[in-house]
Amino acid sequence: MTKLIKIKEKIKLSSEIKMILAEISVFCLGFVLMNTKFIFGIYPFGIAYLCGLRKYTPFGFAGCLLSVVFLQDCDVVYLIALLGVLGLRIASSLIQKRDKRIIVLGEKVKNGTLDSIFCENTEVRVAISVLCAFGISLYRVIASGYSYYEIFVLIFFSILVGMLTYALSISKKGKGMLGYGVICFALIYAIKDFSIFSLDVSIVLGFGLTLYISRYLGSVKAGAYGLILGLSLSPALAPIFGIGGLASGLLWGVSYYLAIMCASVLAVGYSIFVGGYSSLITVTPSVIFVALLIYPLLRFKIIPAPEFIKASTESQKSIDTVVLEHKSNNDEQMLSSLADTFEDIALTLTQINSNEIIPTREGLHTLCLDVCEEYCYNCPKHFICWQNDINTTKNNLKRLSQALFSDGSVSKASVEEKFLHRCPNIDTILDTINRVSTEAVENNIRYNKLEAVSNDYLQISMLISELIEIKKENAVNDTRLSEKLSRAFAKIGLIFEDVSIIGKEYKEIFITGVNIERSKCAVEELKNEIEAQIQSKIDEPIFNEENGIAIITAKTRLIYSANEYHSSKMKDGEQINGDSLEFFDGLYSKRYALLCDGMGSGLGASITSSSCVSLLKSILKITDNTEIALSMINNLIRARGLESCSTVDLLEIDLLTGKGSITKCGASVTYIKRNDKVFKLQSKTMPIGILKDLDAEKLSFELTEGDICIMVSDGVVDPKFDDSKTVKFIEEFDGSIDTLPQKILDEAKKQCDDDMSVCAVQLHRR
């Protein structure tokens with residue numbers, strides 16, 4: 001069976017061959033359907049087929065015409081009718097094209113092709129087919145002397161052709177099952193009682209199609225479809241396909257073999273029940289042949305899903321489905337970002353706790369002194385050690401604390417030989433020092449880990465709650481605005497099913513069920529109408545089109561963009577910069593600039609500042625709650641001790657509204673240059689990682705086009721000194737903004753030698 005799959009993979013038809021095969025198929029269908037004689041001696045299927053065709057219409061017409069010529073002995077009435085249909089379709093299409101708004105959305109139909117000639121709507125197609133059938137029947141009525149029978153046929157013929165044309169014409173609106181059902185019904189009706197090697201071709205085709213459809217659409221639709229196909233054989237045998245479709249549709253998920261076997265047994269059983277032994281002979285071979293043929297084709301997906309199923313299951317998505325998919329995508333992105341954030345936190349915790357937490361030298365010296373005093377107080381040699389030879393005692397205490405600090409434990413080799421022989425409690429003292437120091441380290445590690453983890457779990461739970469609220473706020477459909485937009489679309493000639501607008505200031509618009517061919521508005525007209533209703537500019541609409549039906553999505557266009565420039569230098573003699581800087585996008589329309597200055601300089605400062613930047617970037621991609629983000633990082637940085645801290649300077653700009661804010665944790669002053677004026681933003685807060693509770697201040701402001709936000713680290717501007725020279729330099733600066741950070745650094749290097757970083761962010765209209 002695997003060979004069948006390999007064969008399928010090897011067979012790849014080019015687009016030209018596919019088009020040729022489609023044209024031949026349309027021609028053959030026209031040839032067969034035009035000669036399918038229905039009750040009362042009428043030929044309704046060919047006329048309905050010719051009127052309902054949307055693509056390859058000339059080939060369908062040629063097939064119908066040749067069928068009349070060769071199979072109906074050049075029936076003049078039908079020849080005139082076919083020519084009339086062709087002429088009316090061309091004329092009506094040309095009339096509709098004169099509408100100045102007949103610009104097709106998405107440019108589905110290209111000018112210059114044969115298919116562009118036949119672009120009339122469904123109602124016109126139905127009217128043409130009814131007119132054709134009425135003309136044929138009217139001729140028969142007149143020729144027969146106005147008999148009641150012919151008048152009845154006239155009415156029946158006209159109504160039937162209109163219904164069939166409508167069924168074929170609406171296939172582009174996701175109801176292709178009805179149109180394909182008409183064609184299949186007519187084909188089976190045409191080949192009824194035709195056999196090859198004792199196999200009834202109509203049963204083979206009908207039962208095979210029913211199983212094929214049940215595989216993709218389920219039991220209910222397959223049962224209804226099979227019932228329609230069964231009617232083409234005879235009313236008595238009508239349920240034969242329906243029963244098979246119901247049975248197989250229920251069992252495909254269990255087993256392919258079981259589904260086909262049960263459907264076959266029920267079909268044969270019903271045929272025997274209705275027709276007796278004769279049905280057993282005629283039906284059974286055909287059903288068994290279909291079962292053997294269809295199993296590998298469906299089991300190994302040799303044949304794909306039918307086009308009308310794709311149209312109904314993919315193109316015709318309801319607005320709820322589209323919005324649900326949108327929400328699911330957002331949920332996936334949020335969960336993925338959240339997972340990345342937790343991973344970053346885990347890596348940072350690993351880095352923080354990778355080194356063993358050991359007390360300071362002073363603390364270890366105090367520990368050794370306390371243990372010795374405990375045993376020396378009642379010792380008979382106390383007077384010798386602490387009065388007569390106190391220098392030797394102090395020297396050995398220092399040796400013990402040094403060994404404990406460097407090696408993590410003490411031994412007899414840690415003290416002098418003289419002191420070792422003089423002290424009667426030396427073994428007990430050494431064991432006690434090792435035990436007490438080990439317990440102190442363990443308690444210190446346990447305290448730091450438990451405190452960091454407990455605080456982080458609290459912050460993570462708050463973060464998840466925040467995400468849920470963000471999701472709720474930005475996934476609500478604005479029904480009032482959606483209704484206004486629906487009415488506006490109707491006025492400009494857009495044919496659609498539903499529209500939804502979600503979001504507050506940053507909006508996302510979904511338009512589903514858009515009929516590409518029938519809509520009479522241009523893309524630019526559609527865009528202008530959306531902007532007029534939501535009172536905001538949007539990006540170019542995106543078309544997701546298939547089979548003539550489209551889903552259109554559009555998003556609010558960001559009004560502003562940010563140009564970012566930065567420059568940094570290391571402290572002289574250092575190999576790495578203790579400052580870290582990052583620019584990144586946040587939720588929806590948020591843009592961030594982040595500058596962190598680690599305490600001191602070198603590797604330690606760099607690790608702290610880069611950890612702050614990395615984690616803040618990860619968290620702010622899933623929430624704009626800077627307080628939660630900074631609280632989480634404050635807990636993590638504190639786990640490293642008081643020597644690990646960092647300033648945080650976080651600039652947030654909403655590129656949709658121009659609103660800005662800056663959050664500071666011990667950071668230096670920030671300057672905002674507007675034309676030739678400079679404004680200062682500063683706060684008296686502590687760096688992150690020092691205090692148990694977060695110490696941060698958020699300052700909000702409005703930005704306009706051309707404003708420049710300048711953030712600097714502590715090395716650039718010392719808060720102890722006057723920064724009037726820096727302010728004056730920025731006020732008078734009129735060069736290119738990309739050189740501004742370096743110019744500020746050059747001025748700062750004249751006064752201070754430290755890690756220095758400057759970033760400048762300028763707001764522009766798009």
# chains A, B, ... in the order shown; residues from 1 in each chain; ligands from 1
>>> residues_around(residues="stretch 721-736 of chain A", least_positions_apart="3", cutoff="9 Å", atoms="only C-alpha atoms", output="number ranges by chain")
A: 671, 673-680, 717-718, 739-740, 744, 747-748
>>> write_last_selection(atoms="C-alpha atoms", output="short mmCIF file (atom, residue, chain, number, x, y, z; two decimals), in the first residue's frame")
data_model
loop_
_atom_site.label_atom_id
_atom_site.label_comp_id
_atom_site.auth_asym_id
_atom_site.auth_seq_id
_atom_site.Cartn_x
_atom_site.Cartn_y
_atom_site.Cartn_z
CA TYR A 671 15.79 64.55 29.05
CA LYS A 673 14.02 67.72 23.78
CA ARG A 674 11.18 69.52 22.02
CA ASN A 675 12.48 71.95 19.42
CA ASP A 676 14.99 74.10 21.35
CA LYS A 677 13.59 73.35 24.83
CA VAL A 678 14.67 70.55 27.17
CA PHE A 679 12.53 69.06 29.95
CA LYS A 680 13.95 66.89 32.75
CA VAL A 717 25.41 62.58 34.67
CA ASP A 718 26.45 62.47 38.33
CA THR A 739 25.35 61.48 16.37
CA LEU A 740 23.73 62.89 19.53
CA ILE A 744 26.96 63.48 24.86
CA GLU A 747 31.36 65.59 26.80
CA ALA A 748 30.81 63.25 29.76
#
>>> residues_around(residues="stretch 641-657 of chain A", least_positions_apart="4", cutoff="8 Å", atoms="only C-alpha atoms", output="PyMOL selection string")
chain A and resi 505-506+557-562+589-599+604-605+608-609+612+637+661-668+686-690+711
>>> residues_around(residues="A:Ile47", least_positions_apart="6", cutoff="9 Å", atoms="only C-alpha atoms", output="number ranges by chain")
A: 33-34, 64, 81-82, 85, 129, 132-133, 161, 165
>>> residues_around(residues="A:Leu66", least_positions_apart="3", cutoff="12 Å", atoms="only C-alpha atoms", output="PyMOL selection string")
chain A and resi 27-35+46+59-63+69-75+78-79+82
>>> atom_distance(atom1="atom CA of A:Gly226", atom2="atom CA of A:Tyr212")
10.5 Å
>>> residues_around(residues="A:Leu616", least_positions_apart="3", cutoff="9 Å", atoms="only C-alpha atoms", output="list in words")
Leu594, Ser611, Cys612, Val613, Ile619, Leu620, Lys621, Thr626, Ala629, Leu630 and Ile633 of chain A
>>> closest_residue(among="A:Asn121, A:Asn528, A:Asn425, A:Gln682", to="A:Tyr377", atoms="only C-alpha atoms")
A:Asn425
>>> residues_around(residues="A:Val371", least_positions_apart="5", cutoff="8 Å", atoms="only C-alpha atoms", output="list in words")
Ile429, Thr432 and Ile433 of chain A
>>> write_last_selection(atoms="N, CA and C atoms", output="mmCIF file, in the first residue's frame")
data_model
loop_
_atom_site.group_PDB
_atom_site.id
_atom_site.type_symbol
_atom_site.label_atom_id
_atom_site.label_comp_id
_atom_site.auth_asym_id
_atom_site.auth_seq_id
_atom_site.Cartn_x
_atom_site.Cartn_y
_atom_site.Cartn_z
ATOM 1 N N ILE A 429 36.448 21.984 69.308
ATOM 2 C CA ILE A 429 36.294 23.322 68.710
ATOM 3 C C ILE A 429 36.234 23.222 67.184
ATOM 4 N N THR A 432 32.928 21.687 66.064
ATOM 5 C CA THR A 432 31.805 22.620 66.261
ATOM 6 C C THR A 432 31.825 23.717 65.204
ATOM 7 N N ILE A 433 33.006 24.245 64.875
ATOM 8 C CA ILE A 433 33.102 25.292 63.843
ATOM 9 C C ILE A 433 32.595 24.760 62.501
#
